[in-house]
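What follows is final-v7.cif (mmCIF, C-alpha atoms).
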data_target
#
loop_
_atom_site.group_PDB
_atom_site.id
_atom_site.type_symbol
_atom_site.label_atom_id
_atom_site.label_comp_id
_atom_site.auth_asym_id
_atom_site.auth_seq_id
_atom_site.Cartn_x
_atom_site.Cartn_y
_atom_site.Cartn_z
ATOM 1 C CA MET A 1 16.811 2.385 -12.263
ATOM 2 C CA ILE A 2 13.278 3.038 -11.084
ATOM 3 C CA THR A 3 12.745 5.204 -7.994
ATOM 4 C CA ILE A 4 10.144 4.333 -5.377
ATOM 5 C CA GLY A 5 9.190 6.805 -2.671
ATOM 6 C CA VAL A 6 8.032 5.871 0.817
ATOM 7 C CA LEU A 7 5.770 8.414 2.482
ATOM 8 C CA GLY A 8 7.865 9.408 5.492
ATOM 9 C CA LEU A 9 5.310 10.897 7.876
ATOM 10 C CA GLN A 10 4.831 7.901 10.191
ATOM 11 C CA GLY A 11 5.160 4.124 10.260
ATOM 12 C CA ALA A 12 7.659 1.505 9.105
ATOM 13 C CA VAL A 13 9.561 3.756 6.704
ATOM 14 C CA GLU A 14 13.103 2.364 7.088
ATOM 15 C CA GLU A 15 11.917 -1.220 6.713
ATOM 16 C CA HIS A 16 10.278 -0.361 3.390
ATOM 17 C CA LEU A 17 13.393 1.450 2.185
ATOM 18 C CA ASN A 18 15.532 -1.580 3.012
ATOM 19 C CA GLN A 19 13.205 -3.975 1.232
ATOM 20 C CA ILE A 20 13.007 -1.773 -1.893
ATOM 21 C CA ASP A 21 16.816 -1.784 -1.981
ATOM 22 C CA SER A 22 16.921 -5.573 -1.563
ATOM 23 C CA ALA A 23 14.507 -5.941 -4.484
ATOM 24 C CA GLY A 24 16.793 -3.937 -6.761
ATOM 25 C CA ALA A 25 15.108 -0.531 -6.958
ATOM 26 C CA GLN A 26 16.120 2.903 -5.686
ATOM 27 C CA ALA A 27 14.278 4.145 -2.585
ATOM 28 C CA ILE A 28 13.745 7.641 -1.190
ATOM 29 C CA ILE A 29 11.803 9.072 1.748
ATOM 30 C CA VAL A 30 9.008 11.416 0.669
ATOM 31 C CA LYS A 31 8.404 14.215 3.190
ATOM 32 C CA LYS A 32 7.209 16.975 0.847
ATOM 33 C CA PRO A 33 4.502 16.811 -1.848
ATOM 34 C CA SER A 34 6.941 18.221 -4.429
ATOM 35 C CA GLN A 35 8.993 15.015 -4.128
ATOM 36 C CA LEU A 36 6.179 13.088 -5.806
ATOM 37 C CA ASN A 37 7.497 14.503 -9.075
ATOM 38 C CA GLU A 38 10.803 12.681 -8.502
ATOM 39 C CA ILE A 39 9.436 9.140 -8.108
ATOM 40 C CA ASP A 40 7.917 6.403 -10.272
ATOM 41 C CA GLY A 41 5.890 4.696 -7.536
ATOM 42 C CA LEU A 42 4.702 5.562 -4.014
ATOM 43 C CA ILE A 43 4.355 3.420 -0.888
ATOM 44 C CA ILE A 44 2.034 4.510 1.917
ATOM 45 C CA PRO A 45 3.345 2.487 4.876
ATOM 46 C CA GLY A 46 1.667 1.059 7.926
ATOM 47 C CA GLY A 47 1.208 3.193 11.001
ATOM 48 C CA GLU A 48 -1.897 4.669 12.607
ATOM 49 C CA SER A 49 -4.330 5.667 9.875
ATOM 50 C CA THR A 50 -6.039 8.507 11.778
ATOM 51 C CA THR A 51 -2.671 10.073 12.670
ATOM 52 C CA MET A 52 -1.462 9.635 9.103
ATOM 53 C CA ARG A 53 -4.559 11.389 7.746
ATOM 54 C CA LYS A 54 -3.887 14.372 10.015
ATOM 55 C CA LEU A 55 -0.225 14.530 8.976
ATOM 56 C CA MET A 56 -1.087 14.210 5.289
ATOM 57 C CA ASP A 57 -3.559 17.081 5.687
ATOM 58 C CA ARG A 58 -1.034 19.181 7.621
ATOM 59 C CA TYR A 59 1.654 18.780 4.960
ATOM 60 C CA GLY A 60 -0.694 19.086 1.981
ATOM 61 C CA PHE A 61 -0.441 15.570 0.557
ATOM 62 C CA LEU A 62 -4.096 14.778 -0.230
ATOM 63 C CA GLU A 63 -4.487 16.443 -3.624
ATOM 64 C CA PRO A 64 -0.901 15.752 -4.827
ATOM 65 C CA ILE A 65 -1.335 12.021 -4.119
ATOM 66 C CA LYS A 66 -4.663 12.025 -5.970
ATOM 67 C CA THR A 67 -2.929 13.722 -8.903
ATOM 68 C CA PHE A 68 -0.154 11.090 -8.737
ATOM 69 C CA PHE A 69 -2.881 8.434 -8.921
ATOM 70 C CA GLU A 70 -4.632 10.165 -11.843
ATOM 71 C CA GLN A 71 -1.307 10.121 -13.708
ATOM 72 C CA LYS A 72 -1.553 6.303 -13.500
ATOM 73 C CA LYS A 73 1.552 6.048 -11.322
ATOM 74 C CA PRO A 74 1.491 2.983 -9.021
ATOM 75 C CA ILE A 75 0.665 3.299 -5.315
ATOM 76 C CA PHE A 76 1.119 0.580 -2.681
ATOM 77 C CA GLY A 77 -0.708 0.840 0.647
ATOM 78 C CA THR A 78 0.460 -1.354 3.531
ATOM 79 C CA CYS A 79 -1.869 -1.901 6.539
ATOM 80 C CA ALA A 80 -2.814 1.714 7.411
ATOM 81 C CA GLY A 81 -2.006 2.521 3.780
ATOM 82 C CA MET A 82 -4.708 0.021 2.779
ATOM 83 C CA VAL A 83 -7.187 1.840 5.023
ATOM 84 C CA LEU A 84 -6.260 5.198 3.481
ATOM 85 C CA ALA A 85 -6.556 3.849 -0.082
ATOM 86 C CA ALA A 86 -10.077 2.429 0.350
ATOM 87 C CA ASN A 87 -13.180 3.948 -1.222
ATOM 88 C CA ARG A 88 -15.265 2.891 1.780
ATOM 89 C CA LEU A 89 -14.657 2.167 5.465
ATOM 90 C CA SER A 90 -16.853 0.029 7.715
ATOM 91 C CA GLY A 91 -18.467 2.154 10.424
ATOM 92 C CA ASP A 92 -18.892 5.914 10.521
ATOM 93 C CA GLU A 93 -15.389 6.937 9.418
ATOM 94 C CA LYS A 94 -15.141 8.680 6.060
ATOM 95 C CA PRO A 95 -12.687 7.348 3.454
ATOM 96 C CA TYR A 96 -9.633 9.439 2.683
ATOM 97 C CA LEU A 97 -7.743 8.938 -0.589
ATOM 98 C CA GLU A 98 -10.436 6.800 -2.292
ATOM 99 C CA LEU A 99 -8.045 5.082 -4.706
ATOM 100 C CA MET A 100 -9.438 1.536 -4.723
ATOM 101 C CA ASP A 101 -12.943 0.077 -4.945
ATOM 102 C CA ILE A 102 -12.818 -1.767 -1.633
ATOM 103 C CA SER A 103 -14.486 -1.471 1.753
ATOM 104 C CA VAL A 104 -12.066 -1.858 4.663
ATOM 105 C CA LYS A 105 -12.594 -2.696 8.310
ATOM 106 C CA ARG A 106 -9.934 -1.068 10.508
ATOM 107 C CA ASN A 107 -8.297 -3.298 13.150
ATOM 108 C CA GLY A 108 -10.353 -6.115 11.660
ATOM 109 C CA PHE A 109 -8.283 -8.838 13.323
ATOM 110 C CA GLY A 110 -8.112 -7.110 16.702
ATOM 111 C CA ARG A 111 -5.729 -4.837 18.577
ATOM 112 C CA GLN A 112 -1.953 -4.992 19.105
ATOM 113 C CA ARG A 113 -2.149 -8.058 21.369
ATOM 114 C CA ASP A 114 -3.937 -9.915 18.577
ATOM 115 C CA SER A 115 -1.007 -9.571 16.159
ATOM 116 C CA PHE A 116 0.019 -12.804 14.444
ATOM 117 C CA GLU A 117 1.891 -14.405 11.546
ATOM 118 C CA ALA A 118 0.405 -16.659 8.896
ATOM 119 C CA ASP A 119 1.533 -18.505 5.770
ATOM 120 C CA LEU A 120 -0.500 -17.008 2.923
ATOM 121 C CA ALA A 121 -1.161 -18.375 -0.532
ATOM 122 C CA ILE A 122 -0.728 -15.322 -2.763
ATOM 123 C CA ASN A 123 -1.716 -15.341 -6.422
ATOM 124 C CA GLY A 124 1.361 -15.657 -8.604
ATOM 125 C CA MET A 125 3.616 -17.054 -5.878
ATOM 126 C CA GLU A 126 4.595 -20.707 -5.940
ATOM 127 C CA GLU A 127 5.502 -20.874 -2.243
ATOM 128 C CA PRO A 128 3.498 -19.491 0.719
ATOM 129 C CA PHE A 129 4.353 -16.010 1.982
ATOM 130 C CA LYS A 130 4.877 -15.595 5.740
ATOM 131 C CA ALA A 131 2.742 -12.538 6.471
ATOM 132 C CA VAL A 132 3.002 -10.393 9.611
ATOM 133 C CA PHE A 133 -0.340 -8.945 10.793
ATOM 134 C CA ILE A 134 -0.238 -6.087 13.336
ATOM 135 C CA ARG A 135 -3.563 -4.441 14.237
ATOM 136 C CA ALA A 136 -4.423 -5.460 10.713
ATOM 137 C CA PRO A 137 -7.440 -4.372 8.666
ATOM 138 C CA TYR A 138 -9.134 -6.477 6.020
ATOM 139 C CA ALA A 139 -11.382 -5.777 3.047
ATOM 140 C CA ASP A 140 -14.982 -6.761 3.729
ATOM 141 C CA GLY A 141 -16.139 -5.782 0.247
ATOM 142 C CA VAL A 142 -14.429 -5.549 -3.143
ATOM 143 C CA GLY A 143 -15.555 -4.131 -6.469
ATOM 144 C CA ALA A 144 -15.824 -6.153 -9.672
ATOM 145 C CA ASP A 145 -12.575 -4.708 -11.056
ATOM 146 C CA VAL A 146 -10.503 -5.585 -7.980
ATOM 147 C CA GLU A 147 -8.198 -8.596 -8.203
ATOM 148 C CA ILE A 148 -8.055 -10.490 -4.895
ATOM 149 C CA LEU A 149 -4.477 -11.646 -4.333
ATOM 150 C CA ALA A 150 -4.826 -13.323 -0.929
ATOM 151 C CA GLU A 151 -7.351 -14.183 1.750
ATOM 152 C CA TYR A 152 -6.972 -15.204 5.363
ATOM 153 C CA ASP A 153 -9.853 -16.744 7.309
ATOM 154 C CA GLN A 154 -12.071 -15.936 4.283
ATOM 155 C CA LYS A 155 -11.159 -12.225 4.565
ATOM 156 C CA VAL A 156 -9.415 -10.295 1.785
ATOM 157 C CA VAL A 157 -5.931 -9.246 2.923
ATOM 158 C CA ALA A 158 -4.207 -8.441 -0.382
ATOM 159 C CA ALA A 159 -5.605 -6.960 -3.570
ATOM 160 C CA ARG A 160 -4.827 -5.006 -6.709
ATOM 161 C CA GLN A 161 -6.857 -2.679 -8.894
ATOM 162 C CA GLU A 162 -5.100 -1.227 -11.928
ATOM 163 C CA GLN A 163 -2.127 0.771 -10.535
ATOM 164 C CA VAL A 164 -3.028 0.370 -6.837
ATOM 165 C CA LEU A 165 -1.754 -2.495 -4.660
ATOM 166 C CA VAL A 166 -2.686 -3.070 -1.002
ATOM 167 C CA SER A 167 -1.862 -5.502 1.777
ATOM 168 C CA ALA A 168 -3.332 -5.830 5.260
ATOM 169 C CA PHE A 169 -0.048 -7.353 6.419
ATOM 170 C CA HIS A 170 3.487 -5.942 6.619
ATOM 171 C CA PRO A 171 5.674 -7.499 3.891
ATOM 172 C CA GLU A 172 8.502 -5.125 4.826
ATOM 173 C CA LEU A 173 8.890 -6.858 8.209
ATOM 174 C CA THR A 174 10.047 -10.084 6.553
ATOM 175 C CA GLY A 175 13.168 -11.006 4.624
ATOM 176 C CA ASP A 176 10.939 -12.035 1.706
ATOM 177 C CA ASN A 177 10.748 -9.330 -0.972
ATOM 178 C CA ARG A 178 8.389 -11.181 -3.345
ATOM 179 C CA TYR A 179 5.382 -8.997 -2.528
ATOM 180 C CA MET A 180 7.506 -5.878 -2.963
ATOM 181 C CA GLN A 181 8.562 -7.315 -6.310
ATOM 182 C CA ILE A 182 4.900 -7.329 -7.390
ATOM 183 C CA PHE A 183 4.842 -3.579 -6.826
ATOM 184 C CA ILE A 184 8.177 -3.013 -8.552
ATOM 185 C CA ASN A 185 6.868 -4.916 -11.573
ATOM 186 C CA MET A 186 3.771 -2.685 -11.574
ATOM 187 C CA VAL A 187 6.038 0.372 -11.627
ATOM 188 C CA LYS A 188 8.043 -1.068 -14.523
ATOM 189 C CA GLU A 189 4.817 -1.757 -16.439
ATOM 190 C CA SER A 190 3.591 1.806 -15.898
ATOM 191 C CA LEU A 191 6.884 3.257 -17.135
ATOM 192 C CA LYS A 192 6.704 1.118 -20.281
ATOM 193 C CA GLU A 193 3.139 2.280 -20.942
ATOM 194 C CA ALA A 194 4.158 5.909 -20.436
ATOM 195 C CA GLU A 195 7.030 5.449 -22.917
ATOM 196 C CA LEU A 196 4.695 3.971 -25.526
ATOM 197 C CA LYS A 197 2.344 6.948 -25.203
ATOM 198 C CA THR A 198 5.185 9.387 -25.846
ATOM 199 C CA CYS A 199 6.483 7.506 -28.914
#

Output the file's structure in the form of structure tokens.
Amino acid sequence: MITIGVLGLQGAVEEHLNQIDSAGAQAIIVKKPSQLNEIDGLIIPGGESTTMRKLMDRYGFLEPIKTFFEQKKPIFGTCAGMVLAANRLSGDEKPYLELMDISVKRNGFGRQRDSFEADLAINGMEEPFKAVFIRAPYADGVGADVEILAEYDQKVVAARQEQVLVSAFHPELTGDNRYMQIFINMVKESLKEAELKTC
């Protein structure tokens, strides 16, 4: 069974763990950089991106996560995780992890009171996905190698580039694990590729 870690510094950690379990994978909370060696894929959950940056710096996660990325292991950023994964941020804020060739606008749809739900058409899904947006960002620029998976109001809210997946919404707050399954399939693909290289 594959093991997916959820960065446990802040945000909707338990909800991600529950959804990973429901999708048939093993889930663990990652609170120390050394635990990255124990997992096949990493989820950076929603929360408050500035606070998460400070906590990731305090506990020494920046370079280990970049190494995890360089090892071609899949990473999934949800909401604040999408902000942290971006190569560029709108405004004066500097990017953090720089894992994906996208530009992201924080709180792009407004503050907490502007939270909403929407039925999204997501590439690869036959039925719409009910997405929960809470202080959600969106991508206002994407590189040529980025696959856009979903848009809302002509704004990019889900995307993939190689082993990195992001969503502006919170799939873990729904009973629908189809978006999580996209990530699990990415992890399975990466494990197969790693096996082929060692053969």

* Asked: Between A:Gly46, A:Gly11, A:Pro64, A:Pro137, which is the closest to Pro33 of chain A once you count only C-alpha atoms?
  ->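 When distances to Pro33 of chain A are compared using only C-alpha atoms, the smallest one comes from A:Pro64.
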
* Asked: Hey, what comes out of the PyMOL selection byres ((chain A and resi 148-164) around 7) on this file? Could you write it as a PyMOL selection string?
  -> chain A and resi 72-76+100+120-123+138-140+145-147+165-168+186

Within 6 Å of Gly77 of chain A, counting all atoms listed in the file, which residues qualify if same-chain residues fewer than 5 places away don't, as an mmCIF file with C-alpha atoms, in the frame of the given file?
data_model
loop_
_atom_site.group_PDB
_atom_site.id
_atom_site.type_symbol
_atom_site.label_atom_id
_atom_site.label_comp_id
_atom_site.auth_asym_id
_atom_site.auth_seq_id
_atom_site.Cartn_x
_atom_site.Cartn_y
_atom_site.Cartn_z
ATOM 1 C CA ILE A 43 4.355 3.420 -0.888
ATOM 2 C CA ILE A 44 2.034 4.510 1.917
ATOM 3 C CA MET A 82 -4.708 0.021 2.779
ATOM 4 C CA VAL A 166 -2.686 -3.070 -1.002
#

* To do: Between atom CA of Glu98 of chain A and atom CA of Ala86 of chain A, measure the distance and give it in Å to one decimal.
  => 5.1 Å

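When atom CA of Thr174 of chain A is paired with atom CA of Ile4 of chain A, their separation reads 18.7 Å.
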
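Comparing the minimum interatomic distances between Ser34 of chain A and each of A:Met52, A:Ala12, A:Leu97, A:Ile65, counting all atoms listed in the file, we find that A:Ile65 sits nearest.
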